[in-house]
Amino acid sequence: MTGPWPSVGARLVNSPTFQPFAWLLIAFVALPVQAAQPRLILQVTVDGLRGDLHRRFADVLVEGGFRYLAKNGIDYANAHYLHANTETIVGHTSLATGTVPAAHGMVANVWFDREQDRLAYNIEDPDYRLLTAGADVDQKTEIDHTQKTARSDGRSPENILTSTFSDELAVHFGGQSKVFAVSIKDRGAVSMAGHAGKAFWFSKKSGQFVTSSYYYDRYPEWVDAWNARKPAAAYSGKAWRLTHEPSRYMFGDADDRDYETDIARFGRTFPHWYGELGDKYFATKLTLSPAGDELTLDFTKTLMEKEQLGQDAVPDYLAISFSSTDYVGHIFGASSLEIEDNLVRLDRTLADLFAYVDEKVGLANTLIVLSADHGQPEVPGHLHIRGFRKAHYFDTKGLDKAPAIAALKDQFGLGEELIEAYFHPYLYLNHELIDTKGLDRAAVEQAVVAELRKFEGVAYAVSSSALRTDTLPDTLLTRSVLRNFHAKRSGDIYLVFEPNVFINDFDGLIVASTHGSPWRYDTYVPVIFAGNGLPTARVDRAVTPYDIAPTLSAYLGVKPPSGAVGAVLPEVLKK
Ligand SMILES: [Zn+2]
């Protein structure tokens, strides 16, 4: 369909049956109508973009990026996740599926698989190997749980239990919609591509974009060509430098903070040197800076051109998840000169993306939705300066030996380790030990929970066996933990820490800040729909990111994803 009419109007035009009623059609087109059905749905996810960050640094923004969205879209300024574990795969899958982890099944970045007796990484799948041998993640600086956990380098969306909006689009149009997702992070791409689409992500080991045999038998020619061009090499010997003079920034005189992380000599102050192509951590350092987003965009532009996205009447879907904001926040904090300059660069990357989409597809033909998978906390060191003296990191490793737990073990006659491990956000108990002593698992869990609730820094603890009953108090925290509960994947005890109390352990790597709580700084994200003739509006009513997928479904007239619980946002549908 090429004309300005909605599809019904187009059919009327072409149908001889309706010729006698041509006057009706004239009346119809004379009315202001919504722009035509979009040729492209562009879902942008900014990993870790807390809902206030783009507004906080608004005076350094250029035209065409966030400002384009504000001027040409509906900005939901009060959007929060309602599930407890605000981690990357959990949020991305919620954006894609319009539902909570209890339904889509991605309860955490990792969970302990009791059947296989090992830690499982969310989208790991040994049946679908990476097409690039040896491109799996194995570096100490990987700020993910991938390294220790993923037994194979295979990846697929098979662990995602419900359908995504992109799946429904592909089903609705009989496979004629092209569906793609790109991210630095594997889980940022695989989740959004759904089961029907194609995903590409960045290998920090090879510095290339890769995929798995779930999607392709061999790389499309254009992917090989892009990788052969070695775009990452352009950063060799270079550094991430400030875009403006320091005086233009809110944190211009606060570059060096001792709570920031110096990873592989990337440094705590500008300029941050990437090192040389071929250095062990070269590609990793690119991802810890705006360069990661720039590479993601570069790859995506080639994808759009070579796969001809948005070039015919059947709507295509493209998801881009930009990862740099999350990594920069982790190592420098949400109130740092680095996060501020990253925002400047992210804004330019978005402006570049929107200009490219305008040239190739037309922004009038493109429905954009931008959100984030989770927010960001402040670093305890920064909070201390502002007067929050009790902000601290909680040590989960010492839990088993804590006096209260040790006393409990004596009481039950348990000589060995009872609290086996903490894999965020769940504690895992030693089932074998409990069983061999002939104890009731639920009773032991309850006793541990009762003690944990008394710990300094613990806001709430609840066992999974208690979650299976209907005797729990109806509180905000209970509800958020329940939304995160999946009988086959959740661990034994969910631990919620007080606000500004954090876990700080990424495979032994200490970073400045860690999200993953049910508190507002971690649940707060932007939700902005723009383009395709949408009006300008700011909406402060409380909404959720689960609303995005069902709203896209309603907008396109396709059925909602199978587990969707979000509401259709009426402002977006208004004609
Ligand atoms: Zn993160």
# chains A, B, ... in the order shown; residues from 1 in each chain; ligands from 1

call {"tool": "residues_around", "arguments": {"residues": "Ala334 in chain A", "least_positions_apart": "2", "cutoff": "6 Å", "atoms": "only C-alpha atoms", "output": "list in words"}}
result
Gly329, Ser336 and Glu378 of chain A

call {"tool": "residues_around", "arguments": {"residues": "Asp347 in chain A", "least_positions_apart": "6", "cutoff": "8 Å", "atoms": "only C-alpha atoms", "output": "ChimeraX atom specification"}}
result
/A:61-62,65-66

call {"tool": "closest_residue", "arguments": {"among": "A:Phe299, A:Phe266, A:Tyr249, A:Tyr281", "to": "Trp201 in chain A", "atoms": "only C-alpha atoms"}}
result
A:Phe299

call {"tool": "closest_residue", "arguments": {"among": "A:Leu534, A:Val171, A:Ile331, A:Val179", "to": "ligand 1", "atoms": "only C-alpha atoms and all ligand atoms"}}
result
A:Ile331

call {"tool": "residues_near_ligand", "arguments": {"ligand": "ligand 1", "cutoff": "12 Å", "atoms": "only C-alpha atoms and all ligand atoms", "output": "MDAnalysis selection string"}}
result
chainID A and resid 46:50 85:92 108:109 142:145 185 187:188 288 322:331 333:334 372:377 504 506 511:517 522

call {"tool": "write_last_selection", "arguments": {"atoms": "N, CA and C atoms", "output": "compact mmCIF listing (two decimals), in the first residue's frame"}}
result
# COMPACT_ATOMS: atom_id res chain seq x y z
N VAL A 46 17.36 1.11 25.17
CA VAL A 46 18.63 1.60 25.67
C VAL A 46 18.87 0.91 27.02
N ASP A 47 19.78 -0.03 27.00
CA ASP A 47 20.05 -0.85 28.18
C ASP A 47 20.46 0.05 29.35
N GLY A 48 19.68 -0.01 30.42
CA GLY A 48 20.05 0.74 31.63
C GLY A 48 19.73 2.23 31.60
N LEU A 49 18.90 2.67 30.66
CA LEU A 49 18.55 4.10 30.63
C LEU A 49 17.45 4.37 31.65
N ARG A 50 17.83 4.81 32.82
CA ARG A 50 16.85 5.16 33.85
C ARG A 50 15.96 6.28 33.31
N ASN A 85 13.00 -8.55 39.85
CA ASN A 85 14.39 -8.67 39.41
C ASN A 85 14.65 -7.88 38.13
N THR A 86 15.09 -6.64 38.30
CA THR A 86 15.28 -5.74 37.16
C THR A 86 16.64 -5.97 36.51
N GLU A 87 16.75 -7.10 35.84
CA GLU A 87 17.98 -7.44 35.10
C GLU A 87 17.71 -7.41 33.60
N THR A 88 18.80 -7.51 32.84
CA THR A 88 18.75 -7.31 31.39
C THR A 88 17.82 -8.26 30.64
N ILE A 89 18.00 -9.56 30.83
CA ILE A 89 17.15 -10.48 30.04
C ILE A 89 15.70 -10.38 30.50
N VAL A 90 15.51 -10.12 31.78
CA VAL A 90 14.14 -10.03 32.32
C VAL A 90 13.40 -8.86 31.67
N GLY A 91 14.05 -7.69 31.65
CA GLY A 91 13.43 -6.50 31.09
C GLY A 91 13.24 -6.59 29.58
N HIS A 92 14.29 -7.03 28.88
CA HIS A 92 14.16 -7.15 27.42
C HIS A 92 13.01 -8.08 27.03
N ALA A 108 15.73 -14.43 35.51
CA ALA A 108 17.03 -13.86 35.91
C ALA A 108 18.03 -14.06 34.77
N ASN A 109 19.14 -13.35 34.84
CA ASN A 109 20.19 -13.58 33.85
C ASN A 109 20.74 -15.00 33.96
N GLU A 142 34.05 -9.46 31.19
CA GLU A 142 32.66 -9.54 30.77
C GLU A 142 31.80 -9.22 31.98
N ILE A 143 31.07 -8.08 31.92
CA ILE A 143 30.27 -7.70 33.09
C ILE A 143 28.93 -8.41 33.00
N ASP A 144 28.96 -9.68 32.83
CA ASP A 144 27.76 -10.48 32.74
C ASP A 144 28.05 -11.74 33.52
N HIS A 145 27.05 -12.57 33.58
CA HIS A 145 27.28 -13.84 34.24
C HIS A 145 27.64 -14.92 33.22
N LYS A 185 24.84 -7.08 23.27
CA LYS A 185 24.60 -8.25 24.12
C LYS A 185 23.77 -9.31 23.39
N ARG A 187 21.74 -11.44 24.74
CA ARG A 187 20.38 -11.48 25.27
C ARG A 187 19.56 -10.25 24.89
N GLY A 188 20.26 -9.13 24.53
CA GLY A 188 19.55 -7.94 24.08
C GLY A 188 18.99 -8.12 22.67
N LEU A 288 32.45 -0.71 26.61
CA LEU A 288 32.33 0.06 27.85
C LEU A 288 32.29 1.56 27.57
N PHE A 322 20.81 -0.81 22.50
CA PHE A 322 22.10 -0.16 22.73
C PHE A 322 22.59 -0.47 24.14
N SER A 323 23.77 -1.05 24.26
CA SER A 323 24.22 -1.58 25.55
C SER A 323 25.13 -0.64 26.34
N SER A 324 25.71 0.38 25.69
CA SER A 324 26.77 1.16 26.34
C SER A 324 26.33 1.84 27.63
N THR A 325 25.11 2.39 27.64
CA THR A 325 24.64 3.12 28.82
C THR A 325 24.68 2.23 30.07
N ASP A 326 24.33 0.96 29.90
CA ASP A 326 24.36 0.02 31.02
C ASP A 326 25.79 -0.22 31.51
N TYR A 327 26.69 -0.51 30.57
CA TYR A 327 28.08 -0.80 30.96
C TYR A 327 28.74 0.43 31.61
N VAL A 328 28.52 1.58 31.00
CA VAL A 328 29.12 2.81 31.54
C VAL A 328 28.58 3.08 32.95
N GLY A 329 27.29 2.85 33.15
CA GLY A 329 26.71 3.01 34.47
C GLY A 329 27.31 2.04 35.48
N HIS A 330 27.50 0.80 35.06
CA HIS A 330 28.08 -0.19 35.97
C HIS A 330 29.47 0.21 36.45
N ILE A 331 30.29 0.69 35.55
CA ILE A 331 31.68 0.90 35.97
C ILE A 331 31.97 2.32 36.47
N GLY A 333 29.09 4.66 37.28
CA GLY A 333 27.96 5.13 38.08
C GLY A 333 27.05 6.07 37.30
N ALA A 334 25.81 6.21 37.80
CA ALA A 334 24.77 7.00 37.12
C ALA A 334 24.98 8.50 37.28
N ALA A 372 13.64 1.06 27.95
CA ALA A 372 14.85 0.47 28.54
C ALA A 372 14.45 -0.80 29.27
N ASP A 373 15.46 -1.65 29.47
CA ASP A 373 15.19 -2.94 30.13
C ASP A 373 15.17 -2.82 31.65
N HIS A 374 15.76 -1.75 32.16
CA HIS A 374 15.78 -1.48 33.61
C HIS A 374 16.38 -0.11 33.80
N GLY A 375 16.32 0.40 35.03
CA GLY A 375 16.93 1.70 35.32
C GLY A 375 18.35 1.53 35.82
N GLN A 376 18.75 2.41 36.73
CA GLN A 376 20.11 2.38 37.28
C GLN A 376 20.10 2.93 38.70
N PRO A 377 20.83 2.30 39.59
CA PRO A 377 20.97 2.87 40.94
C PRO A 377 22.13 3.86 40.95
N ASN A 504 27.39 -6.76 44.97
CA ASN A 504 28.42 -6.32 44.03
C ASN A 504 29.39 -7.45 43.72
N PHE A 506 30.20 -9.54 40.07
CA PHE A 506 29.97 -10.10 38.75
C PHE A 506 31.10 -11.07 38.47
N VAL A 511 32.26 -3.96 40.51
CA VAL A 511 31.97 -2.77 39.71
C VAL A 511 31.34 -1.71 40.60
N ALA A 512 31.15 -0.52 40.05
CA ALA A 512 30.67 0.58 40.89
C ALA A 512 29.20 0.41 41.27
N SER A 513 28.36 -0.02 40.33
CA SER A 513 26.94 -0.14 40.67
C SER A 513 26.30 -1.35 40.02
N THR A 514 25.27 -1.84 40.67
CA THR A 514 24.55 -3.02 40.21
C THR A 514 23.06 -2.82 40.35
N HIS A 515 22.34 -2.91 39.23
CA HIS A 515 20.87 -2.83 39.29
C HIS A 515 20.32 -4.22 39.59
N GLY A 516 19.00 -4.35 39.60
CA GLY A 516 18.39 -5.65 39.84
C GLY A 516 17.40 -5.66 41.00
N SER A 517 17.11 -4.48 41.55
CA SER A 517 16.20 -4.42 42.70
C SER A 517 14.78 -4.06 42.24
N ASP A 522 15.55 1.38 39.88
CA ASP A 522 15.80 0.27 38.95
C ASP A 522 14.60 -0.05 38.05

call {"tool": "residues_around", "arguments": {"residues": "range 70-75 of chain A", "least_positions_apart": "2", "cutoff": "8 Å", "atoms": "only C-alpha atoms", "output": "VMD selection string"}}
result
chain A and resid 66 to 68 77 526 to 531 533 to 539 571 to 572

call {"tool": "write_last_selection", "arguments": {"atoms": "N, CA, C and O atoms", "output": "PDB file, in the first residue's frame"}}
result
ATOM      1  N   PHE A  66      16.857  12.484  20.982  1.00  0.00           N
ATOM      2  CA  PHE A  66      15.770  12.500  21.979  1.00  0.00           C
ATOM      3  C   PHE A  66      14.792  13.629  21.683  1.00  0.00           C
ATOM      4  O   PHE A  66      13.598  13.518  21.952  1.00  0.00           O
ATOM      5  N   ARG A  67      15.317  14.731  21.132  1.00  0.00           N
ATOM      6  CA  ARG A  67      14.418  15.860  20.833  1.00  0.00           C
ATOM      7  C   ARG A  67      13.432  15.516  19.730  1.00  0.00           C
ATOM      8  O   ARG A  67      12.298  15.991  19.727  1.00  0.00           O
ATOM      9  N   TYR A  68      13.857  14.705  18.766  1.00  0.00           N
ATOM     10  CA  TYR A  68      12.907  14.251  17.743  1.00  0.00           C
ATOM     11  C   TYR A  68      11.754  13.500  18.413  1.00  0.00           C
ATOM     12  O   TYR A  68      10.583  13.719  18.111  1.00  0.00           O
ATOM     13  N   ALA A  77       6.100   9.494  30.856  1.00  0.00           N
ATOM     14  CA  ALA A  77       7.184   9.892  31.740  1.00  0.00           C
ATOM     15  C   ALA A  77       7.128   9.214  33.107  1.00  0.00           C
ATOM     16  O   ALA A  77       7.905   9.531  34.000  1.00  0.00           O
ATOM     17  N   PRO A 526      12.158   5.039  30.396  1.00  0.00           N
ATOM     18  CA  PRO A 526      11.339   5.823  29.458  1.00  0.00           C
ATOM     19  C   PRO A 526      10.460   4.891  28.617  1.00  0.00           C
ATOM     20  O   PRO A 526      10.846   3.751  28.361  1.00  0.00           O
ATOM     21  N   VAL A 527       9.301   5.373  28.247  1.00  0.00           N
ATOM     22  CA  VAL A 527       8.482   4.709  27.225  1.00  0.00           C
ATOM     23  C   VAL A 527       8.004   5.816  26.296  1.00  0.00           C
ATOM     24  O   VAL A 527       7.243   6.689  26.712  1.00  0.00           O
ATOM     25  N   ILE A 528       8.524   5.827  25.073  1.00  0.00           N
ATOM     26  CA  ILE A 528       8.159   6.880  24.120  1.00  0.00           C
ATOM     27  C   ILE A 528       7.774   6.229  22.784  1.00  0.00           C
ATOM     28  O   ILE A 528       8.537   5.445  22.230  1.00  0.00           O
ATOM     29  N   PHE A 529       6.582   6.549  22.309  1.00  0.00           N
ATOM     30  CA  PHE A 529       6.158   6.156  20.963  1.00  0.00           C
ATOM     31  C   PHE A 529       6.273   7.391  20.077  1.00  0.00           C
ATOM     32  O   PHE A 529       5.840   8.474  20.477  1.00  0.00           O
ATOM     33  N   ALA A 530       6.863   7.244  18.892  1.00  0.00           N
ATOM     34  CA  ALA A 530       7.024   8.418  18.029  1.00  0.00           C
ATOM     35  C   ALA A 530       6.962   8.024  16.557  1.00  0.00           C
ATOM     36  O   ALA A 530       7.047   6.855  16.201  1.00  0.00           O
ATOM     37  N   GLY A 531       6.840   9.052  15.719  1.00  0.00           N
ATOM     38  CA  GLY A 531       6.823   8.845  14.276  1.00  0.00           C
ATOM     39  C   GLY A 531       5.459   8.402  13.772  1.00  0.00           C
ATOM     40  O   GLY A 531       4.499   8.320  14.536  1.00  0.00           O
ATOM     41  N   GLY A 533       3.262   9.858  12.226  1.00  0.00           N
ATOM     42  CA  GLY A 533       2.200  10.837  12.385  1.00  0.00           C
ATOM     43  C   GLY A 533       1.605  10.934  13.777  1.00  0.00           C
ATOM     44  O   GLY A 533       0.548  11.536  13.974  1.00  0.00           O
ATOM     45  N   LEU A 534       2.267  10.380  14.766  1.00  0.00           N
ATOM     46  CA  LEU A 534       1.747  10.472  16.137  1.00  0.00           C
ATOM     47  C   LEU A 534       1.801  11.921  16.618  1.00  0.00           C
ATOM     48  O   LEU A 534       2.709  12.674  16.265  1.00  0.00           O
ATOM     49  N   PRO A 535       0.830  12.318  17.446  1.00  0.00           N
ATOM     50  CA  PRO A 535       0.851  13.684  17.981  1.00  0.00           C
ATOM     51  C   PRO A 535       1.915  13.836  19.065  1.00  0.00           C
ATOM     52  O   PRO A 535       2.507  12.860  19.511  1.00  0.00           O
ATOM     53  N   THR A 536       2.161  15.070  19.466  1.00  0.00           N
ATOM     54  CA  THR A 536       3.104  15.340  20.548  1.00  0.00           C
ATOM     55  C   THR A 536       2.336  15.358  21.865  1.00  0.00           C
ATOM     56  O   THR A 536       1.332  16.052  21.983  1.00  0.00           O
ATOM     57  N   ALA A 537       2.831  14.604  22.834  1.00  0.00           N
ATOM     58  CA  ALA A 537       2.162  14.618  24.138  1.00  0.00           C
ATOM     59  C   ALA A 537       3.100  14.084  25.204  1.00  0.00           C
ATOM     60  O   ALA A 537       4.000  13.298  24.924  1.00  0.00           O
ATOM     61  N   ARG A 538       2.882  14.567  26.423  1.00  0.00           N
ATOM     62  CA  ARG A 538       3.556  13.975  27.572  1.00  0.00           C
ATOM     63  C   ARG A 538       2.472  13.433  28.492  1.00  0.00           C
ATOM     64  O   ARG A 538       1.512  14.125  28.801  1.00  0.00           O
ATOM     65  N   VAL A 539       2.642  12.188  28.886  1.00  0.00           N
ATOM     66  CA  VAL A 539       1.637  11.536  29.720  1.00  0.00           C
ATOM     67  C   VAL A 539       2.294  11.134  31.040  1.00  0.00           C
ATOM     68  O   VAL A 539       3.292  10.419  31.041  1.00  0.00           O
ATOM     69  N   GLU A 571      -3.509   6.625  24.002  1.00  0.00           N
ATOM     70  CA  GLU A 571      -2.989   7.816  23.315  1.00  0.00           C
ATOM     71  C   GLU A 571      -2.328   7.445  21.986  1.00  0.00           C
ATOM     72  O   GLU A 571      -2.359   8.219  21.033  1.00  0.00           O
ATOM     73  N   VAL A 572      -1.724   6.261  21.937  1.00  0.00           N
ATOM     74  CA  VAL A 572      -1.020   5.831  20.728  1.00  0.00           C
ATOM     75  C   VAL A 572      -2.025   5.417  19.643  1.00  0.00           C
ATOM     76  O   VAL A 572      -1.787   5.569  18.452  1.00  0.00           O
TER      77      VAL A 572
END

call {"tool": "closest_residue", "arguments": {"among": "A:Leu495, A:Ala234, A:Thr523, A:Glu260", "to": "Thr396 in chain A", "atoms": "only C-alpha atoms"}}
result
A:Leu495

call {"tool": "closest_residue", "arguments": {"among": "A:Gly175, A:Gly154, A:Gly310, A:Pro271", "to": "Thr366 in chain A", "atoms": "only C-alpha atoms"}}
result
A:Gly310

call {"tool": "residues_around", "arguments": {"residues": "range 131-133 of chain A", "least_positions_apart": "4", "cutoff": "8 Å", "atoms": "only C-alpha atoms", "output": "list in words"}}
result
Val210, Thr211, Ser212, Ser213, Asp217, Arg218 and Tyr219 of chain A

call {"tool": "write_last_selection", "arguments": {"atoms": "all heavy atoms", "output": "PDB file, in the first residue's frame"}}
result
ATOM      1  N   VAL A 210      27.904 -11.614  15.415  1.00  0.00           N
ATOM      2  CA  VAL A 210      27.745 -13.052  15.213  1.00  0.00           C
ATOM      3  C   VAL A 210      26.283 -13.445  15.379  1.00  0.00           C
ATOM      4  O   VAL A 210      25.442 -12.647  15.790  1.00  0.00           O
ATOM      5  CB  VAL A 210      28.614 -13.849  16.230  1.00  0.00           C
ATOM      6  CG1 VAL A 210      30.092 -13.543  16.030  1.00  0.00           C
ATOM      7  CG2 VAL A 210      28.190 -13.547  17.675  1.00  0.00           C
ATOM      8  N   THR A 211      25.995 -14.696  15.052  1.00  0.00           N
ATOM      9  CA  THR A 211      24.661 -15.252  15.283  1.00  0.00           C
ATOM     10  C   THR A 211      24.821 -16.746  15.505  1.00  0.00           C
ATOM     11  O   THR A 211      25.949 -17.256  15.532  1.00  0.00           O
ATOM     12  CB  THR A 211      23.713 -14.934  14.105  1.00  0.00           C
ATOM     13  OG1 THR A 211      22.375 -15.271  14.477  1.00  0.00           O
ATOM     14  CG2 THR A 211      24.091 -15.696  12.846  1.00  0.00           C
ATOM     15  N   SER A 212      23.692 -17.441  15.698  1.00  0.00           N
ATOM     16  CA  SER A 212      23.800 -18.888  15.952  1.00  0.00           C
ATOM     17  C   SER A 212      23.054 -19.671  14.880  1.00  0.00           C
ATOM     18  O   SER A 212      22.313 -19.116  14.072  1.00  0.00           O
ATOM     19  CB  SER A 212      23.235 -19.237  17.325  1.00  0.00           C
ATOM     20  OG  SER A 212      21.829 -19.425  17.256  1.00  0.00           O
ATOM     21  N   SER A 213      23.228 -20.989  14.923  1.00  0.00           N
ATOM     22  CA  SER A 213      22.602 -21.859  13.924  1.00  0.00           C
ATOM     23  C   SER A 213      21.090 -21.940  14.117  1.00  0.00           C
ATOM     24  O   SER A 213      20.395 -22.546  13.309  1.00  0.00           O
ATOM     25  CB  SER A 213      23.224 -23.258  13.964  1.00  0.00           C
ATOM     26  OG  SER A 213      22.987 -23.861  15.224  1.00  0.00           O
ATOM     27  N   ASP A 217      22.166 -21.110   8.681  1.00  0.00           N
ATOM     28  CA  ASP A 217      23.153 -22.178   8.481  1.00  0.00           C
ATOM     29  C   ASP A 217      24.524 -21.572   8.223  1.00  0.00           C
ATOM     30  O   ASP A 217      25.548 -22.114   8.592  1.00  0.00           O
ATOM     31  CB  ASP A 217      22.767 -23.067   7.289  1.00  0.00           C
ATOM     32  CG  ASP A 217      21.472 -23.803   7.569  1.00  0.00           C
ATOM     33  OD1 ASP A 217      21.223 -24.117   8.762  1.00  0.00           O
ATOM     34  OD2 ASP A 217      20.696 -24.024   6.624  1.00  0.00           O
ATOM     35  N   ARG A 218      24.511 -20.458   7.518  1.00  0.00           N
ATOM     36  CA  ARG A 218      25.757 -19.706   7.315  1.00  0.00           C
ATOM     37  C   ARG A 218      25.406 -18.225   7.266  1.00  0.00           C
ATOM     38  O   ARG A 218      24.256 -17.865   7.038  1.00  0.00           O
ATOM     39  CB  ARG A 218      26.465 -20.137   6.033  1.00  0.00           C
ATOM     40  CG  ARG A 218      25.734 -19.793   4.751  1.00  0.00           C
ATOM     41  CD  ARG A 218      26.626 -20.078   3.546  1.00  0.00           C
ATOM     42  NE  ARG A 218      26.736 -21.506   3.307  1.00  0.00           N
ATOM     43  CZ  ARG A 218      25.912 -22.191   2.503  1.00  0.00           C
ATOM     44  NH1 ARG A 218      24.946 -21.556   1.860  1.00  0.00           N
ATOM     45  NH2 ARG A 218      26.062 -23.479   2.334  1.00  0.00           N
ATOM     46  N   TYR A 219      26.420 -17.378   7.494  1.00  0.00           N
ATOM     47  CA  TYR A 219      26.164 -15.939   7.516  1.00  0.00           C
ATOM     48  C   TYR A 219      25.683 -15.453   6.155  1.00  0.00           C
ATOM     49  O   TYR A 219      26.191 -15.886   5.121  1.00  0.00           O
ATOM     50  CB  TYR A 219      27.440 -15.177   7.858  1.00  0.00           C
ATOM     51  CG  TYR A 219      27.818 -15.242   9.323  1.00  0.00           C
ATOM     52  CD1 TYR A 219      28.931 -15.956   9.743  1.00  0.00           C
ATOM     53  CD2 TYR A 219      27.050 -14.587  10.278  1.00  0.00           C
ATOM     54  CE1 TYR A 219      29.273 -16.027  11.087  1.00  0.00           C
ATOM     55  CE2 TYR A 219      27.382 -14.653  11.619  1.00  0.00           C
ATOM     56  CZ  TYR A 219      28.489 -15.365  12.019  1.00  0.00           C
ATOM     57  OH  TYR A 219      28.809 -15.438  13.337  1.00  0.00           O
TER      58      TYR A 219
END

call {"tool": "atom_distance", "arguments": {"atom1": "CA of Arg248 in chain A", "atom2": "CA of Asp59 in chain A"}}
result
9.3 Å

call {"tool": "closest_residue", "arguments": {"among": "A:Gly566, A:Pro157, A:Gly362, A:Gly237", "to": "Thr544 in chain A", "atoms": "only C-alpha atoms"}}
result
A:Gly566

call {"tool": "residues_around", "arguments": {"residues": "range 421-426 of chain A", "least_positions_apart": "3", "cutoff": "9 Å", "atoms": "only C-alpha atoms", "output": "list in words"}}
result
Ala84, Asn85, Val107, Ala108, Asn109, Val110, Trp111, Phe112, Leu119, Thr396, Lys397, Asp400, Leu429, Asn430, Ser490, Gly491, Asp492, Ile493, Tyr494, Leu495, Val496, Ile503, Gly516 and Ser517 of chain A
